[in-house]
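Visitor: Supplied in structure tokens, the structure appears directly below.
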Amino acid sequence: MLDILTNIYPYLLLPFVSFFASLLCFFSGFGLGTILLPVFCLFFPVSLSIAMTGIGHLLNNVFKFFLIESKANKKFVIKFG
């Protein structure tokens, strides 16, 4: 039984931590890489962990864009984007 839990532990931990970090990042604007990178480094090599954190940043930004695009002031976005 313990062997089964040890094998599925990363599959349970990584989505939970990713969701929590994304939620924190959505409201504060930072924290995604600070939380995700150390957790990824526990299970993967550092180079792969950095790449996966970058993919997490990209997906989080795409999600935030589609979530709040209708409420964004288009002139402001064009001026500063």
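Residue names in the structure tokens use chain letters A, B, ... in the order shown, residue numbers from 1 in each chain, and ligand numbers from 1 in the order shown.
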Would you kindly return, as a list in words, each protein, DNA or RNA residue with an atom no farther than 10 Å from any atom of range 4-21 of chain A, considering only C-alpha atoms and excluding same-chain residues fewer than 3 positions away?

Guide: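 These residues fall inside the cut-off: Met1, Leu24, Cys25, Phe26, Phe30, Gly31, Leu32, Gly33, Thr34, Ile35, Leu36, Val39, Phe40, Leu42, Phe43, Thr53, Gly56 and Asn60 of chain A.
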
Visitor: Grab the residues selected above and save them as a compact mmCIF listing (two decimals), in the first residue's frame with N, CA, C and O atoms.

Guide:
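Writing the result to part-v5.txt gives the following:
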# COMPACT_ATOMS: atom_id res chain seq x y z
N MET A 1 0.83 -1.21 0.00
CA MET A 1 0.00 0.00 0.00
C MET A 1 0.86 1.26 0.00
O MET A 1 0.59 2.19 -0.72
N LEU A 24 -2.65 32.10 -6.12
CA LEU A 24 -1.90 33.13 -5.41
C LEU A 24 -1.34 34.17 -6.37
O LEU A 24 -1.41 35.38 -6.12
N CYS A 25 -0.83 33.71 -7.49
CA CYS A 25 -0.25 34.62 -8.49
C CYS A 25 -1.31 35.50 -9.14
O CYS A 25 -1.04 36.65 -9.48
N PHE A 26 -2.51 34.97 -9.31
CA PHE A 26 -3.58 35.76 -9.94
C PHE A 26 -3.90 37.01 -9.13
O PHE A 26 -4.09 38.08 -9.68
N PHE A 30 2.69 37.81 -8.23
CA PHE A 30 3.95 37.08 -8.14
C PHE A 30 3.76 35.82 -7.31
O PHE A 30 2.74 35.66 -6.66
N GLY A 31 4.72 34.93 -7.36
CA GLY A 31 4.67 33.74 -6.53
C GLY A 31 4.62 32.44 -7.29
O GLY A 31 4.91 31.39 -6.73
N LEU A 32 4.29 32.48 -8.58
CA LEU A 32 4.17 31.23 -9.33
C LEU A 32 5.50 30.51 -9.42
O LEU A 32 5.61 29.34 -9.07
N GLY A 33 6.53 31.19 -9.85
CA GLY A 33 7.85 30.57 -9.96
C GLY A 33 8.47 30.26 -8.62
O GLY A 33 9.18 29.27 -8.46
N THR A 34 8.19 31.10 -7.63
CA THR A 34 8.76 30.89 -6.29
C THR A 34 8.23 29.62 -5.65
O THR A 34 8.95 28.93 -4.94
N ILE A 35 6.99 29.29 -5.93
CA ILE A 35 6.40 28.08 -5.35
C ILE A 35 6.61 26.87 -6.25
O ILE A 35 6.95 25.78 -5.78
N LEU A 36 6.41 27.03 -7.56
CA LEU A 36 6.46 25.88 -8.45
C LEU A 36 7.86 25.32 -8.65
O LEU A 36 8.04 24.10 -8.66
N VAL A 39 9.18 22.84 -5.99
CA VAL A 39 8.42 21.60 -5.99
C VAL A 39 8.76 20.76 -7.21
O VAL A 39 8.93 19.54 -7.12
N PHE A 40 8.88 21.39 -8.38
CA PHE A 40 9.29 20.66 -9.57
C PHE A 40 10.68 20.07 -9.40
O PHE A 40 10.95 18.97 -9.88
N LEU A 42 11.99 18.86 -6.84
CA LEU A 42 11.96 17.65 -6.03
C LEU A 42 11.79 16.39 -6.87
O LEU A 42 12.24 15.31 -6.48
N PHE A 43 11.15 16.51 -8.03
CA PHE A 43 10.81 15.34 -8.83
C PHE A 43 11.51 15.28 -10.19
O PHE A 43 11.54 14.23 -10.81
N THR A 53 8.31 25.32 -15.32
CA THR A 53 7.84 26.54 -14.65
C THR A 53 7.52 27.62 -15.68
O THR A 53 6.54 28.34 -15.55
N GLY A 56 4.28 26.79 -17.16
CA GLY A 56 3.25 27.16 -16.20
C GLY A 56 2.94 28.64 -16.23
O GLY A 56 1.78 29.05 -16.14
N ASN A 60 -0.65 30.17 -17.34
CA ASN A 60 -1.32 31.03 -16.37
C ASN A 60 -1.65 32.39 -16.99
O ASN A 60 -2.74 32.93 -16.78

Visitor: May I ask for the distance between CA of Leu23 in chain A and CA of Gly54 in chain A, given in Å to one decimal place?

Guide: 16.4 Å

Visitor: For a test of reading the model, state the distance in Å between CA of Leu58 in chain A and CA of Val77 in chain A, rounded to one decimal.

Guide: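 A separation of 18.5 Å between them.
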
Visitor: Taking into account only C-alpha atoms, which residue in the set A:Pro38, A:Gly29, A:Lys79, A:Ser22 is nearest to Phe63 in chain A?

Guide: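 When distances to Phe63 in chain A are compared using only C-alpha atoms, the smallest one comes from A:Ser22.
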
Visitor: Hey, can you check how far CA of Leu37 in chain A sits from CA of Phe65 in chain A?

Guide: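 CA of Leu37 in chain A sits 22.7 Å away from CA of Phe65 in chain A.
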